[in-house]
>>> print(open('coords_21.csv').read())   # CSV, C-alpha atoms and all ligand atoms
chain,number,residue,atom,x,y,z
A,486,MET,CA,31.4,-13.4,22.1
A,487,GLY,CA,30.5,-14.5,25.6
A,488,VAL,CA,29.0,-17.8,26.6
A,489,PRO,CA,25.3,-17.6,27.5
A,490,GLN,CA,25.0,-17.8,31.2
A,491,ASP,CA,22.4,-19.7,33.0
A,492,ASP,CA,19.5,-18.5,35.1
A,493,TRP,CA,18.8,-22.0,36.4
A,494,VAL,CA,15.0,-21.8,36.5
A,495,ASP,CA,13.4,-25.1,37.4
A,496,VAL,CA,10.3,-25.2,35.3
A,497,GLN,CA,8.2,-28.3,35.5
A,498,PRO,CA,7.3,-30.8,34.1
A,499,PHE,CA,10.8,-31.2,32.5
A,500,ASP,CA,13.9,-31.9,34.4
A,501,GLU,CA,16.0,-28.9,35.3
A,502,PHE,CA,18.9,-30.3,33.1
A,503,SER,CA,16.7,-31.1,30.1
A,504,PHE,CA,16.9,-29.1,26.9
A,505,GLU,CA,13.1,-29.5,26.9
A,506,ASN,CA,12.8,-27.4,30.1
A,507,ALA,CA,11.5,-24.0,29.2
A,508,ALA,CA,14.4,-22.4,31.0
A,509,ASN,CA,16.9,-24.2,28.7
A,510,ARG,CA,15.0,-24.2,25.4
A,511,LYS,CA,16.8,-21.1,24.2
A,512,HIS,CA,20.2,-22.8,24.3
A,513,SER,CA,21.8,-24.4,21.3
A,514,ARG,CA,21.9,-28.2,21.5
A,515,GLY,CA,25.4,-28.1,20.3
A,516,ARG,CA,26.4,-26.5,23.6
A,517,ARG,CA,25.9,-28.9,26.4
A,518,LEU,CA,27.6,-26.8,29.0
A,519,LEU,CA,26.3,-23.6,30.4
A,520,ARG,CA,28.4,-21.4,32.6
A,521,VAL,CA,26.7,-20.7,35.9
A,522,ASP,CA,26.9,-17.1,37.0
A,523,GLN,CA,28.9,-16.5,40.2
A,524,GLU,CA,25.9,-14.5,41.5
A,525,ASN,CA,23.6,-17.5,41.1
A,526,PRO,CA,22.7,-19.3,44.4
A,527,ARG,CA,23.5,-22.6,42.7
A,528,PHE,CA,27.1,-21.4,42.2
A,529,SER,CA,27.5,-20.9,46.0
A,530,GLU,CA,25.7,-24.1,46.8
A,531,ILE,CA,28.1,-26.2,44.7
A,532,GLU,CA,31.1,-24.2,45.7
A,533,ARG,CA,30.2,-24.8,49.4
A,534,LEU,CA,29.9,-28.6,48.8
A,535,PHE,CA,33.4,-28.5,47.2
A,536,VAL,CA,34.9,-26.5,50.0
A,537,LYS,CA,33.3,-28.6,52.7
A,538,GLY,CA,34.3,-31.8,50.9
A,539,TRP,CA,37.9,-30.8,50.7
A,540,ARG,CA,39.1,-32.9,53.7
A,541,HIS,CA,42.7,-33.7,52.8
A,542,ARG,CA,44.4,-31.1,54.9
A,543,LYS,CA,47.8,-31.7,53.2
A,544,LYS,CA,46.4,-30.9,49.8
A,545,ALA,CA,45.9,-27.2,49.2
A,546,ARG,CA,42.3,-26.5,48.3
A,547,PRO,CA,42.0,-25.0,44.9
A,548,GLN,CA,39.8,-22.0,44.1
A,549,VAL,CA,36.6,-22.7,42.1
A,550,HIS,CA,36.9,-20.7,38.9
A,551,PHE,CA,33.9,-21.9,36.9
A,552,ILE,CA,30.9,-24.0,37.4
A,553,PHE,CA,29.0,-25.4,34.4
A,554,LYS,CA,25.5,-26.8,34.2
A,555,VAL,CA,25.3,-29.8,31.9
A,556,LEU,CA,22.3,-30.0,29.7
A,557,TRP,CA,20.9,-33.2,28.4
A,558,MET,CA,18.5,-34.4,25.7
A,559,GLU,CA,15.4,-35.6,27.5
A,560,ALA,CA,15.8,-39.1,26.2
A,561,LEU,CA,19.2,-39.5,27.8
A,562,LEU,CA,17.9,-38.3,31.1
A,563,GLU,CA,14.9,-40.7,31.1
A,564,PRO,CA,16.6,-43.8,32.5
A,565,TYR,CA,17.9,-41.8,35.4
A,566,LEU,CA,14.6,-40.2,36.1
A,567,ALA,CA,12.8,-43.5,35.8
A,568,TYR,CA,15.3,-45.2,38.1
A,569,ARG,CA,14.9,-42.4,40.6
A,570,SER,CA,11.1,-42.7,40.7
A,571,THR,CA,11.4,-46.5,41.3
A,572,VAL,CA,13.8,-45.9,44.2
A,573,GLN,CA,11.7,-43.1,45.5
A,574,SER,CA,8.7,-45.4,45.7
A,575,THR,CA,10.6,-47.8,47.9
A,576,VAL,CA,12.5,-45.4,50.1
A,577,LYS,CA,10.6,-44.0,53.0
A,578,ALA,CA,12.7,-40.9,53.1
A,579,LYS,CA,11.6,-37.3,53.7
A,580,ASP,CA,13.3,-36.5,50.5
A,581,ARG,CA,11.2,-37.0,47.5
A,582,ARG,CA,14.0,-37.9,45.1
A,583,GLY,CA,15.1,-41.3,46.1
A,584,ASN,CA,17.7,-39.9,48.6
A,585,GLU,CA,19.4,-38.1,45.8
A,586,HIS,CA,22.8,-36.5,46.6
A,587,LEU,CA,25.2,-34.3,44.7
A,588,LEU,CA,28.5,-36.2,44.7
A,589,PHE,CA,31.9,-35.8,43.2
A,590,HIS,CA,33.8,-37.9,40.6
A,591,GLY,CA,37.2,-37.3,39.2
A,592,THR,CA,38.4,-38.6,35.9
A,593,ASN,CA,40.7,-38.0,32.9
A,594,ARG,CA,40.4,-35.0,30.7
A,595,ALA,CA,42.3,-35.0,27.5
A,596,CYS,CA,40.9,-31.8,26.0
A,597,LEU,CA,40.6,-28.3,27.4
A,598,LEU,CA,36.9,-28.4,28.2
A,599,GLY,CA,36.0,-25.7,30.8
A,600,GLU,CA,39.3,-23.8,30.5
A,601,ILE,CA,39.0,-20.1,30.3
A,602,GLY,CA,35.2,-20.5,30.7
A,603,ASN,CA,34.2,-20.5,27.1
A,604,ASN,CA,35.5,-23.8,25.9
A,605,VAL,CA,32.2,-25.7,26.2
A,606,VAL,CA,32.2,-28.1,23.2
A,607,LEU,CA,32.8,-31.7,24.1
A,608,CYS,CA,35.7,-33.3,22.3
A,609,SER,CA,35.8,-36.8,20.8
A,610,LEU,CA,39.3,-37.7,21.9
A,611,GLN,CA,39.4,-41.4,22.8
A,612,ASP,CA,41.1,-40.9,26.1
A,613,CYS,CA,38.9,-38.1,27.3
A,614,SER,CA,36.8,-39.8,29.9
A,615,LEU,CA,35.3,-36.5,30.9
A,616,CYS,CA,33.7,-35.8,27.6
A,617,SER,CA,32.6,-39.4,27.3
A,618,ILE,CA,30.8,-39.2,30.6
A,619,LEU,CA,29.3,-35.9,29.7
A,620,ARG,CA,28.1,-37.2,26.3
A,621,THR,CA,26.3,-40.4,27.5
A,622,SER,CA,26.7,-40.4,31.3
A,623,PHE,CA,28.6,-43.0,33.4
A,624,ASP,CA,29.2,-46.4,32.0
A,625,VAL,CA,29.6,-49.1,34.6
A,626,LYS,CA,31.5,-51.2,32.1
A,627,ARG,CA,34.3,-48.7,32.2
A,628,CYS,CA,34.8,-49.3,35.9
A,629,GLY,CA,38.3,-50.3,36.6
A,630,SER,CA,39.7,-49.0,33.4
A,631,LYS,CA,41.7,-46.4,35.3
A,632,ASN,CA,42.3,-48.2,38.6
A,633,ALA,CA,42.3,-52.0,38.5
A,634,PHE,CA,41.7,-52.3,42.2
A,635,LYS,CA,38.0,-52.0,42.9
A,636,ARG,CA,37.7,-51.9,46.6
A,637,PHE,CA,33.9,-52.2,46.6
A,638,GLY,CA,33.5,-54.1,43.4
A,639,HIS,CA,32.3,-53.2,40.0
A,640,GLY,CA,30.3,-50.0,40.2
A,641,ILE,CA,30.3,-46.2,39.8
A,642,TYR,CA,32.3,-44.5,42.5
A,643,THR,CA,31.3,-41.1,43.7
A,644,THR,CA,32.1,-39.3,46.9
A,645,SER,CA,31.2,-36.2,49.0
A,646,CYS,CA,34.9,-35.8,49.5
A,647,SER,CA,36.0,-33.4,46.8
A,648,SER,CA,39.7,-33.9,47.6
A,649,LYS,CA,39.3,-37.6,47.1
A,650,ALA,CA,37.6,-37.1,43.7
A,651,ASP,CA,40.5,-34.8,42.9
A,652,ASP,CA,42.9,-37.7,43.4
A,653,TYR,CA,41.3,-39.3,40.4
A,654,THR,CA,41.3,-36.2,38.3
A,655,SER,CA,44.0,-35.8,35.6
A,656,SER,CA,44.6,-33.4,32.9
A,657,LEU,CA,46.3,-35.1,30.0
A,658,SER,CA,46.8,-32.0,28.0
A,659,LYS,CA,50.0,-30.1,28.7
A,660,GLU,CA,48.2,-26.9,28.1
A,661,ALA,CA,45.7,-27.4,30.8
A,662,THR,CA,45.9,-25.0,33.7
A,663,LEU,CA,42.7,-26.0,35.6
A,664,ARG,CA,41.4,-29.2,37.0
A,665,VAL,CA,37.8,-30.4,36.5
A,666,ALA,CA,35.6,-32.4,38.8
A,667,LEU,CA,32.2,-33.7,38.0
A,668,VAL,CA,29.3,-33.1,40.4
A,669,SER,CA,26.6,-35.6,39.8
A,670,ARG,CA,23.2,-36.4,41.0
A,671,VAL,CA,23.3,-39.8,42.6
A,672,VAL,CA,20.3,-41.8,43.7
A,673,VAL,CA,21.7,-43.2,46.9
A,674,GLY,CA,18.3,-44.8,47.9
A,675,ILE,CA,18.9,-47.1,50.9
A,676,PRO,CA,22.7,-47.4,51.2
A,677,TYR,CA,24.3,-50.6,52.4
A,678,LYS,CA,27.0,-49.5,54.8
A,679,ARG,CA,30.2,-51.4,54.4
A,680,PHE,CA,33.2,-51.1,56.6
A,681,ARG,CA,35.6,-53.6,54.9
A,682,ASN,CA,36.6,-54.1,51.4
A,683,ALA,CA,34.3,-56.1,49.2
A,684,THR,CA,36.0,-56.4,45.8
A,685,HIS,CA,33.5,-59.1,44.6
A,686,LEU,CA,30.4,-56.9,44.6
A,687,VAL,CA,28.6,-56.2,41.4
A,688,ALA,CA,25.4,-55.0,43.0
A,689,PRO,CA,24.3,-53.9,46.4
A,690,PRO,CA,22.7,-56.6,48.6
A,691,VAL,CA,18.9,-57.1,48.0
A,692,GLY,CA,16.9,-54.3,49.6
A,693,TYR,CA,19.7,-51.7,49.1
A,694,HIS,CA,20.4,-49.3,46.3
A,695,SER,CA,24.0,-48.4,46.7
A,696,VAL,CA,27.0,-49.2,48.9
A,697,ARG,CA,28.4,-46.5,51.2
A,698,THR,CA,31.5,-46.5,53.2
A,699,THR,CA,33.1,-44.1,55.6
A,700,ILE,CA,36.4,-45.9,55.7
A,701,VAL,CA,37.6,-44.3,52.5
A,702,ASP,CA,36.5,-40.7,52.3
A,703,ASN,CA,32.7,-41.3,52.2
A,704,LEU,CA,32.6,-43.2,49.0
A,705,THR,CA,29.2,-44.0,47.6
A,706,ILE,CA,29.1,-46.8,45.0
A,707,SER,CA,26.1,-47.1,42.7
A,708,TYR,CA,25.9,-50.2,40.6
A,709,LEU,CA,23.0,-49.4,38.3
A,710,PHE,CA,22.8,-45.9,37.1
A,711,SER,CA,24.1,-42.7,38.5
B,801,ZN,ZN,37.2,-33.9,26.2
>>> encode(input="coords_21.csv", output="structure tokens")
Amino acid sequence: MGVPQDDWVDVQPFDEFSFENAANRKHSRGRRLLRVDQENPRFSEIERLFVKGWRHRKKARPQVHFIFKVLWMEALLEPYLAYRSTVQSTVKAKDRRGNEHLLFHGTNRACLLGEIGNNVVLCSLQDCSLCSILRTSFDVKRCGSKNAFKRFGHGIYTTSCSSKADDYTSSLSKEATLRVALVSRVVVGIPYKRFRNATHLVAPPVGYHSVRTTIVDNLTISYLFS
């Protein structure tokens, strides 16, 4: 049996990733991942971001096989949406979403989630950071658990450079044939631009919402919630 594919209709007032959204209500809550049809404009939009972000010329750019939309219980999305509204009210940006960007993050995957397109059930393996993030979102406390060196301090690291995120992607299962990158909405707000390392940071300076640097592949570091 095939996996239900997503029509990605953004029906207010619920968030487009919420199970409560009328477009998503028909999907079983046990299945958090919905495969996005290749014909869907969101597929090309995300594929384009990935291709454009692949800036390491020496690394062969992989083909995008599947894109999945991740659905959330409304209660788990609320802190993000509330934070975004707070930032939105302080950012005088044209953008109405607190300068929200879609950014990449690479992590460990111990299971075979996403392989062959119909493996969409999150695992509970302890070393599967991918499923852990997909289950409850990023946890700033886990920062540094993979790489002890935190160039810009203790935060959640995301980047528009897909090939950089790929450096942090690893498939722990020997049966894995594909690699997985997360594409996350990140409230960048007013970014503090930093051109030198700042390993001591635990929050952006007052008046800013994130730290951004161009010295290392356009990293954006968020310290609160991303
Ligand atoms: Zn997993």
>>> residues_near_point(input="coords_21.csv", point="(35.1, -40.6, 36.3)", cutoff="8 Å", atoms="only C-alpha atoms", output="list in words")
His590, Gly591, Thr592, Asn593, Ser614, Leu615, Ile618, Phe623, Tyr642, Tyr653, Thr654 and Leu667 of chain A
>>> closest_atom_pairs(input="coords_21.csv", of="chain A", to="ligand ZN 801 (chain B)", cutoff="9 Å", atoms="only C-alpha atoms and all ligand atoms", output="Markdown table")
| residue | atom | partner | partner_atom | distance |
| --- | --- | --- | --- | --- |
| A:Asn593 | CA | B:ZN801 | ZN | 8.6 |
| A:Arg594 | CA | B:ZN801 | ZN | 5.6 |
| A:Ala595 | CA | B:ZN801 | ZN | 5.4 |
| A:Cys596 | CA | B:ZN801 | ZN | 4.3 |
| A:Leu597 | CA | B:ZN801 | ZN | 6.7 |
| A:Leu598 | CA | B:ZN801 | ZN | 5.9 |
| A:Val606 | CA | B:ZN801 | ZN | 8.2 |
| A:Leu607 | CA | B:ZN801 | ZN | 5.3 |
| A:Cys608 | CA | B:ZN801 | ZN | 4.2 |
| A:Ser609 | CA | B:ZN801 | ZN | 6.3 |
| A:Leu610 | CA | B:ZN801 | ZN | 6.1 |
| A:Gln611 | CA | B:ZN801 | ZN | 8.5 |
| A:Asp612 | CA | B:ZN801 | ZN | 8.0 |
| A:Cys613 | CA | B:ZN801 | ZN | 4.7 |
| A:Ser614 | CA | B:ZN801 | ZN | 7.0 |
| A:Leu615 | CA | B:ZN801 | ZN | 5.7 |
| A:Cys616 | CA | B:ZN801 | ZN | 4.2 |
| A:Ser617 | CA | B:ZN801 | ZN | 7.3 |
| A:Leu619 | CA | B:ZN801 | ZN | 8.9 |
>>> closest_residue(input="coords_21.csv", among="A:Lys649, A:Lys511, A:Arg569, A:His639", to="Trp539 in chain A", atoms="all atoms listed in the file")
A:Lys649
>>> atom_distance(input="coords_21.csv", atom1="CA of Phe504 in chain A", atom2="CA of Glu559 in chain A")
6.7 Å
>>> atom_distance(input="coords_21.csv", atom1="CA of Arg681 in chain A", atom2="CA of Thr643 in chain A")
17.3 Å
>>> closest_residue(input="coords_21.csv", among="A:His512, A:Arg664, A:His586, A:Arg542", to="Ser695 in chain A", atoms="all atoms listed in the file")
A:His586
>>> residues_near_point(input="coords_21.csv", point="(33.4, -53.5, 58.9)", cutoff="10 Å", atoms="all atoms listed in the file", output="PyMOL selection string")
chain A and resi 678-682+698-700
>>> decode(input="coords_21.csv", residues="range 549-586 of chain A", atoms="N, CA and C atoms", output="mmCIF file, in the first residue's frame")
data_model
loop_
_atom_site.group_PDB
_atom_site.id
_atom_site.type_symbol
_atom_site.label_atom_id
_atom_site.label_comp_id
_atom_site.auth_asym_id
_atom_site.auth_seq_id
_atom_site.Cartn_x
_atom_site.Cartn_y
_atom_site.Cartn_z
ATOM 1 N N VAL A 549 17.925 14.616 -5.101
ATOM 2 C CA VAL A 549 16.875 14.581 -4.073
ATOM 3 C C VAL A 549 15.872 13.493 -4.470
ATOM 4 N N HIS A 550 15.769 12.467 -3.652
ATOM 5 C CA HIS A 550 14.855 11.366 -3.973
ATOM 6 C C HIS A 550 13.468 11.606 -3.409
ATOM 7 N N PHE A 551 13.433 11.970 -2.137
ATOM 8 C CA PHE A 551 12.138 12.161 -1.487
ATOM 9 C C PHE A 551 12.170 13.419 -0.631
ATOM 10 N N ILE A 552 11.005 14.033 -0.504
ATOM 11 C CA ILE A 552 10.849 15.117 0.477
ATOM 12 C C ILE A 552 9.616 14.769 1.296
ATOM 13 N N PHE A 553 9.757 14.881 2.594
ATOM 14 C CA PHE A 553 8.633 14.584 3.479
ATOM 15 C C PHE A 553 8.250 15.831 4.252
ATOM 16 N N LYS A 554 6.953 15.992 4.399
ATOM 17 C CA LYS A 554 6.446 17.058 5.266
ATOM 18 C C LYS A 554 6.245 16.416 6.637
ATOM 19 N N VAL A 555 6.658 17.106 7.680
ATOM 20 C CA VAL A 555 6.541 16.543 9.027
ATOM 21 C C VAL A 555 5.348 17.189 9.729
ATOM 22 N N LEU A 556 4.417 16.366 10.171
ATOM 23 C CA LEU A 556 3.230 16.892 10.849
ATOM 24 C C LEU A 556 3.419 16.845 12.361
ATOM 25 N N TRP A 557 2.820 17.830 13.021
ATOM 26 C CA TRP A 557 2.994 17.975 14.468
ATOM 27 C C TRP A 557 1.644 18.122 15.164
ATOM 28 N N MET A 558 1.617 17.682 16.406
ATOM 29 C CA MET A 558 0.459 17.974 17.243
ATOM 30 C C MET A 558 0.516 19.478 17.512
ATOM 31 N N GLU A 559 -0.640 20.108 17.504
ATOM 32 C CA GLU A 559 -0.691 21.560 17.680
ATOM 33 C C GLU A 559 0.065 22.007 18.948
ATOM 34 N N ALA A 560 -0.076 21.229 20.026
ATOM 35 C CA ALA A 560 0.550 21.624 21.293
ATOM 36 C C ALA A 560 2.076 21.709 21.173
ATOM 37 N N LEU A 561 2.660 20.861 20.333
ATOM 38 C CA LEU A 561 4.112 20.893 20.172
ATOM 39 C C LEU A 561 4.567 22.063 19.296
ATOM 40 N N LEU A 562 3.658 22.530 18.452
ATOM 41 C CA LEU A 562 4.007 23.658 17.586
ATOM 42 C C LEU A 562 3.845 24.991 18.303
ATOM 43 N N GLU A 563 3.004 24.989 19.336
ATOM 44 C CA GLU A 563 2.668 26.263 19.974
ATOM 45 C C GLU A 563 3.859 27.093 20.449
ATOM 46 N N PRO A 564 4.848 26.486 21.126
ATOM 47 C CA PRO A 564 5.974 27.333 21.561
ATOM 48 C C PRO A 564 6.666 28.025 20.373
ATOM 49 N N TYR A 565 6.788 27.298 19.269
ATOM 50 C CA TYR A 565 7.416 27.894 18.089
ATOM 51 C C TYR A 565 6.584 29.058 17.561
ATOM 52 N N LEU A 566 5.283 28.818 17.436
ATOM 53 C CA LEU A 566 4.413 29.843 16.861
ATOM 54 C C LEU A 566 4.339 31.066 17.777
ATOM 55 N N ALA A 567 4.339 30.815 19.096
ATOM 56 C CA ALA A 567 4.277 31.923 20.048
ATOM 57 C C ALA A 567 5.571 32.739 19.978
ATOM 58 N N TYR A 568 6.691 32.030 19.894
ATOM 59 C CA TYR A 568 7.978 32.728 19.807
ATOM 60 C C TYR A 568 8.044 33.538 18.515
ATOM 61 N N ARG A 569 7.583 32.949 17.448
ATOM 62 C CA ARG A 569 7.601 33.642 16.157
ATOM 63 C C ARG A 569 6.768 34.929 16.212
ATOM 64 N N SER A 570 5.606 34.877 16.876
ATOM 65 C CA SER A 570 4.777 36.088 16.985
ATOM 66 C C SER A 570 5.481 37.148 17.815
ATOM 67 N N THR A 571 6.177 36.726 18.876
ATOM 68 C CA THR A 571 6.887 37.704 19.709
ATOM 69 C C THR A 571 7.956 38.400 18.880
ATOM 70 N N VAL A 572 8.713 37.608 18.138
ATOM 71 C CA VAL A 572 9.785 38.185 17.322
ATOM 72 C C VAL A 572 9.186 39.071 16.235
ATOM 73 N N GLN A 573 8.120 38.595 15.655
ATOM 74 C CA GLN A 573 7.444 39.321 14.586
ATOM 75 C C GLN A 573 7.062 40.726 15.034
ATOM 76 N N SER A 574 6.650 40.837 16.308
ATOM 77 C CA SER A 574 6.210 42.145 16.777
ATOM 78 C C SER A 574 7.394 43.092 17.004
ATOM 79 N N THR A 575 8.610 42.549 17.058
ATOM 80 C CA THR A 575 9.760 43.436 17.277
ATOM 81 C C THR A 575 10.590 43.641 16.011
ATOM 82 N N VAL A 576 10.364 42.807 15.020
ATOM 83 C CA VAL A 576 11.142 42.941 13.784
ATOM 84 C C VAL A 576 10.358 43.774 12.795
ATOM 85 N N LYS A 577 10.990 44.815 12.315
ATOM 86 C CA LYS A 577 10.278 45.631 11.336
ATOM 87 C C LYS A 577 10.601 45.118 9.937
ATOM 88 N N ALA A 578 10.335 43.876 9.735
ATOM 89 C CA ALA A 578 10.653 43.300 8.422
ATOM 90 C C ALA A 578 9.399 43.273 7.565
ATOM 91 N N LYS A 579 9.624 43.208 6.282
ATOM 92 C CA LYS A 579 8.469 43.120 5.380
ATOM 93 C C LYS A 579 7.783 41.791 5.617
ATOM 94 N N ASP A 580 8.626 40.848 5.973
ATOM 95 C CA ASP A 580 8.144 39.492 6.190
ATOM 96 C C ASP A 580 7.318 39.456 7.471
ATOM 97 N N ARG A 581 6.205 38.772 7.423
ATOM 98 C CA ARG A 581 5.296 38.795 8.562
ATOM 99 C C ARG A 581 5.564 37.663 9.547
ATOM 100 N N ARG A 582 6.635 36.943 9.340
ATOM 101 C CA ARG A 582 6.857 35.762 10.183
ATOM 102 C C ARG A 582 8.155 35.820 10.970
ATOM 103 N N GLY A 583 8.488 36.995 11.437
ATOM 104 C CA GLY A 583 9.694 37.098 12.270
ATOM 105 C C GLY A 583 10.965 36.753 11.515
ATOM 106 N N ASN A 584 10.990 37.104 10.209
ATOM 107 C CA ASN A 584 12.163 36.790 9.389
ATOM 108 C C ASN A 584 12.461 35.285 9.423
ATOM 109 N N GLU A 585 11.447 34.534 9.155
ATOM 110 C CA GLU A 585 11.570 33.068 9.177
ATOM 111 C C GLU A 585 12.230 32.566 7.886
ATOM 112 N N HIS A 586 13.163 31.645 8.051
ATOM 113 C CA HIS A 586 13.842 31.059 6.892
ATOM 114 C C HIS A 586 13.795 29.539 6.973
#
